[in-house]
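> A single structure is presented below for examination.
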Amino acid sequence: MSDNRYDRLEAAKPMIECREVHKYYGDYHALRGIDLTIRAGEFFSLLGPSGCGKTTLLRTIAGFEDIDSGVVLIDGKHMEDVPANKRPTNMVFQSYAIFPHLTVAENVAFGLRRDPRTKAEKAQLVEEALAMVGLKGYGARAAHALSGGQRQRVALARALILKPKVLLLDEPLSALDRKMREQMQVELIKLQRQVGITFVLVTHDQEEALVMSDRIAVMFEGQIAQLDGPEALYARPATRRVANFIGVMNFLPANVVSETDGVVTVEVPGLGMVELPEKQISRANPDDDGPTIGFRPETMTIVPANQTHTQPRETNATIDEVVYYGDMTYYDLRLEGAEGPNGQKARPVRISMRNVFGRDVPEVGTRVRVAWSPGSLVLFR
Amino acid sequence: MSKRRFEGSGLRIYTVLYLLFLYAPIILLPLFAFNSGTIIAFPLEGFTMKWFDLMIGNATLRQALFNSLTIAVSASILATCLGIFAARASTRFEFPGKAGIMGFIMLPMVLPEIIVAMSLLVVLLGMGVQLSILTVIVGHTLMCMPYAIAVLSTAFGTLDKSLEEAAYDLGETKWSAFRLVTLPLVMPGIISSLLISFTISLDEFIIAFFLAGNQPTLPTYIFSQLRFPKAIPMIMALGTVLVALSIILLALGEYFRRRGNARIGAKPTGGFL
């Protein structure tokens, strides 16, 4: 992802626009005022837990679901009276929906049935589409004999052969095993760069969304909680709920000391006084008791004895637990100064460090120095 | 898995007796059909084909056979077509009163047939409808529907919903998506449904007896001939033909079902044989 791509997408025209989209299933309010613009050529993800409305929104864009109010535009055109089979979108279904009674080539050519081109031209297109997804020479095979990964590729070729303006992907990788999934993530990114079509991906896997997307809309209960690029989403979650959903975040209680010109000064037991500018301040969950400070595990590092560091701040802590992962080690630390008012032990915070060859992994019970920077903190209030 | 057999448990004897009781009477059919004696008793006298000649020469029997085939073909097609609508609706859509409606459609399966036959007769006569083959077709369609729906619901129920959506998404209309994708995939179920309905209708007696007017069907004709001892060897010959036909029909149905399943890579589950 070069800056070039980012700038180009920033300037691209809107491909999908949702304005105040509401959808009910009986009494159940599935989409609660979705406002969203997806730009042409973007790899966009709808991320959220099951039941958050992400699949409903995707099916709304595809035309499989009618909306109760609001507007959906694709490439500037109103989609209200356009049924799914006339929309410039194609879908890769979660189950892939490969037609089991047809061959691979017949599956891929299915959408060309109403195309006026000659048989030979169509066969050529099918060959190209199969080659594009890495299934060259598979055309004559029976579709039901394919593996999960191959079915997925057939589904991609079948949708892309129609050169849609938007490709919709409904949890396309969830049925694959871990290795296959990671391989397909990379291939999907490459494919999207190659064809330049707008991809909209639905997923509940935050890691997958971070890896693949240009931008991500995080959804909870039929609403978009945050719409941002992967880095922004990870580093500056807009709400504590988003922070919880994406990756691991530590939370410490904070007391607001003063507030001037948008800069909030808080006192955090264990970390001391911290000044936070406006961009590091997010919304707490409604049921949180009081403001909290959040930080990611990798933003704090243990400093080996007799070594220096370049971080602006330093805190002492005791190692409570060590979890060794091979490439990484997780440490649970009790920060000094974070003890409870009646002398209770401090609640441990989790930090992660990449293991370096030749450096010892400190043991449980060791007192260590940890270095950190106020710039990596987020205040939820 | 242990390799213990039925040894010593008596289950083997039970199984043999059970199978004998089930199939011995049917084996007797061809024995006496080719036996030249007029009395159904051992010892057998000699080989003959005359009962088959007599059967073929019997105009009433030919009429009964023709009626039965007409009824069975019509009823199985009607029941299967209606069953497709019901099975698709019940497996694909949610609508108010669905459980109740499906329950009522399936009810004839457990209702005493004589009650159904009687009530149908009363209603049809009340409406002034002339009893004929047509009325039997209506009755048999009603009887076959639950079986057709049971078979078809399984076929539709195991079908991935997104297949039809995918076809629609790829530019087909709702109808062509159904025709190109759903129909070929449920075809084994449709063939099963046709066969089961055909078999049920062909040997159905009570409704045919009540609703056929003066038209004979095979079961009612056979029943009427049992009163004449002289006709019994010919009925044995007819029975032999029917058993042979049933076996051929079921084998054919099973062959097509397996071939259809192999074509879509489905696991070989259930079936008749």
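FYI, nothing fancy with the structure tokens labels: chains A, B, ... in order, residues from 1 per chain, ligands from 1 as they appear.
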Please list as number ranges by chain every residue within 12 Å of Ala166 in chain B, counting only C-alpha atoms and excluding residues in the same chain fewer than 3 positions away.

A: 59, 62-64, 84-85, 89-99, 107-108, 110-111, 155-156, 158-159, 168; B: 160-163, 169-174, 176-178, 180-182

> Any idea what's packed within 12 Å of Val370 in chain A, counting only C-alpha atoms, ignoring anything in its chain fewer than 4 positions away? Could you give it as an mmCIF file with C-alpha atoms, in the first residue's frame?


```
data_model
loop_
_atom_site.group_PDB
_atom_site.id
_atom_site.type_symbol
_atom_site.label_atom_id
_atom_site.label_comp_id
_atom_site.auth_asym_id
_atom_site.auth_seq_id
_atom_site.Cartn_x
_atom_site.Cartn_y
_atom_site.Cartn_z
ATOM 1 C CA GLY A 270 1.038 3.402 37.802
ATOM 2 C CA LEU A 271 1.764 5.806 34.961
ATOM 3 C CA PRO A 297 0.472 -4.427 24.415
ATOM 4 C CA GLU A 298 3.296 -3.602 22.008
ATOM 5 C CA THR A 299 3.515 0.083 23.017
ATOM 6 C CA MET A 300 5.293 -0.713 26.276
ATOM 7 C CA THR A 301 8.670 -2.456 26.365
ATOM 8 C CA ILE A 302 10.732 -3.983 29.116
ATOM 9 C CA VAL A 303 14.163 -2.311 29.258
ATOM 10 C CA PRO A 304 16.948 -4.781 30.095
ATOM 11 C CA ALA A 305 19.031 -3.796 33.140
ATOM 12 C CA GLN A 307 20.479 -0.394 29.051
ATOM 13 C CA THR A 308 19.029 2.907 27.963
ATOM 14 C CA HIS A 309 15.957 3.652 25.865
ATOM 15 C CA THR A 310 14.579 6.527 23.832
ATOM 16 C CA GLN A 311 11.021 6.573 25.178
ATOM 17 C CA PRO A 312 10.021 9.727 27.090
ATOM 18 C CA ARG A 313 8.638 7.855 30.108
ATOM 19 C CA GLU A 314 9.669 4.986 32.331
ATOM 20 C CA THR A 315 7.804 3.015 35.004
ATOM 21 C CA ASN A 316 8.747 0.174 37.328
ATOM 22 C CA ALA A 317 6.803 -3.053 37.376
ATOM 23 C CA THR A 318 6.921 -6.680 38.513
ATOM 24 C CA ILE A 319 6.452 -9.561 36.070
ATOM 25 C CA TYR A 331 4.185 -10.486 29.844
ATOM 26 C CA ASP A 332 1.593 -9.653 32.472
ATOM 27 C CA LEU A 333 2.977 -6.790 34.577
ATOM 28 C CA ARG A 334 1.898 -5.220 37.845
ATOM 29 C CA LEU A 335 2.754 -1.534 37.595
ATOM 30 C CA GLU A 336 4.188 0.058 40.714
ATOM 31 C CA VAL A 349 -1.489 -5.202 32.257
ATOM 32 C CA ARG A 350 -0.395 -7.260 29.268
ATOM 33 C CA ILE A 351 2.504 -6.223 27.084
ATOM 34 C CA SER A 352 4.040 -8.055 24.147
ATOM 35 C CA MET A 353 7.612 -8.110 22.941
#
```

> Restricting the calculation to only C-alpha atoms, which member of B:Thr91, B:Thr38, B:Gln215, B:Ser192 is positioned closest to Phe156 in chain B?

B:Thr91

> Identify, on the basis of only C-alpha atoms, every residue whose closest approach to His101 in chain A does not exceed 12 Å; exclude the query and any residue fewer than 5 positions from it along the same chain; express the result as number ranges by chain.

A: 106-107, 141-145; B: 163, 180-187, 259-266

> Pick out each residue of range 69-256 of chain A that DSSP on the backbone tags as alpha helix (DSSP H); I need them as a ChimeraX atom specification.

/A:104-108,119-132,148-160,178-195,206-212,230-235,240-245

> Which residues come within 9 Å of range 197-200 of chain A, counting only C-alpha atoms, excluding same-chain residues fewer than 6 positions away, as a PyMOL selection string?

chain A and resi 15+38-46+58+160+163-170

> Considering only C-alpha atoms, can you say which of A:Val263, A:Leu162, A:Val154, A:Leu57 comes closest to chain B?

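Using only C-alpha atoms, chain B sits closest to A:Leu162.
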
> As a VMD selection string, list the residues of range 72-144 of chain A assigned to strand (DSSP E) by DSSP on the backbone atoms of this structure.

chain A and resid 72 to 74 77 to 78 89 to 92
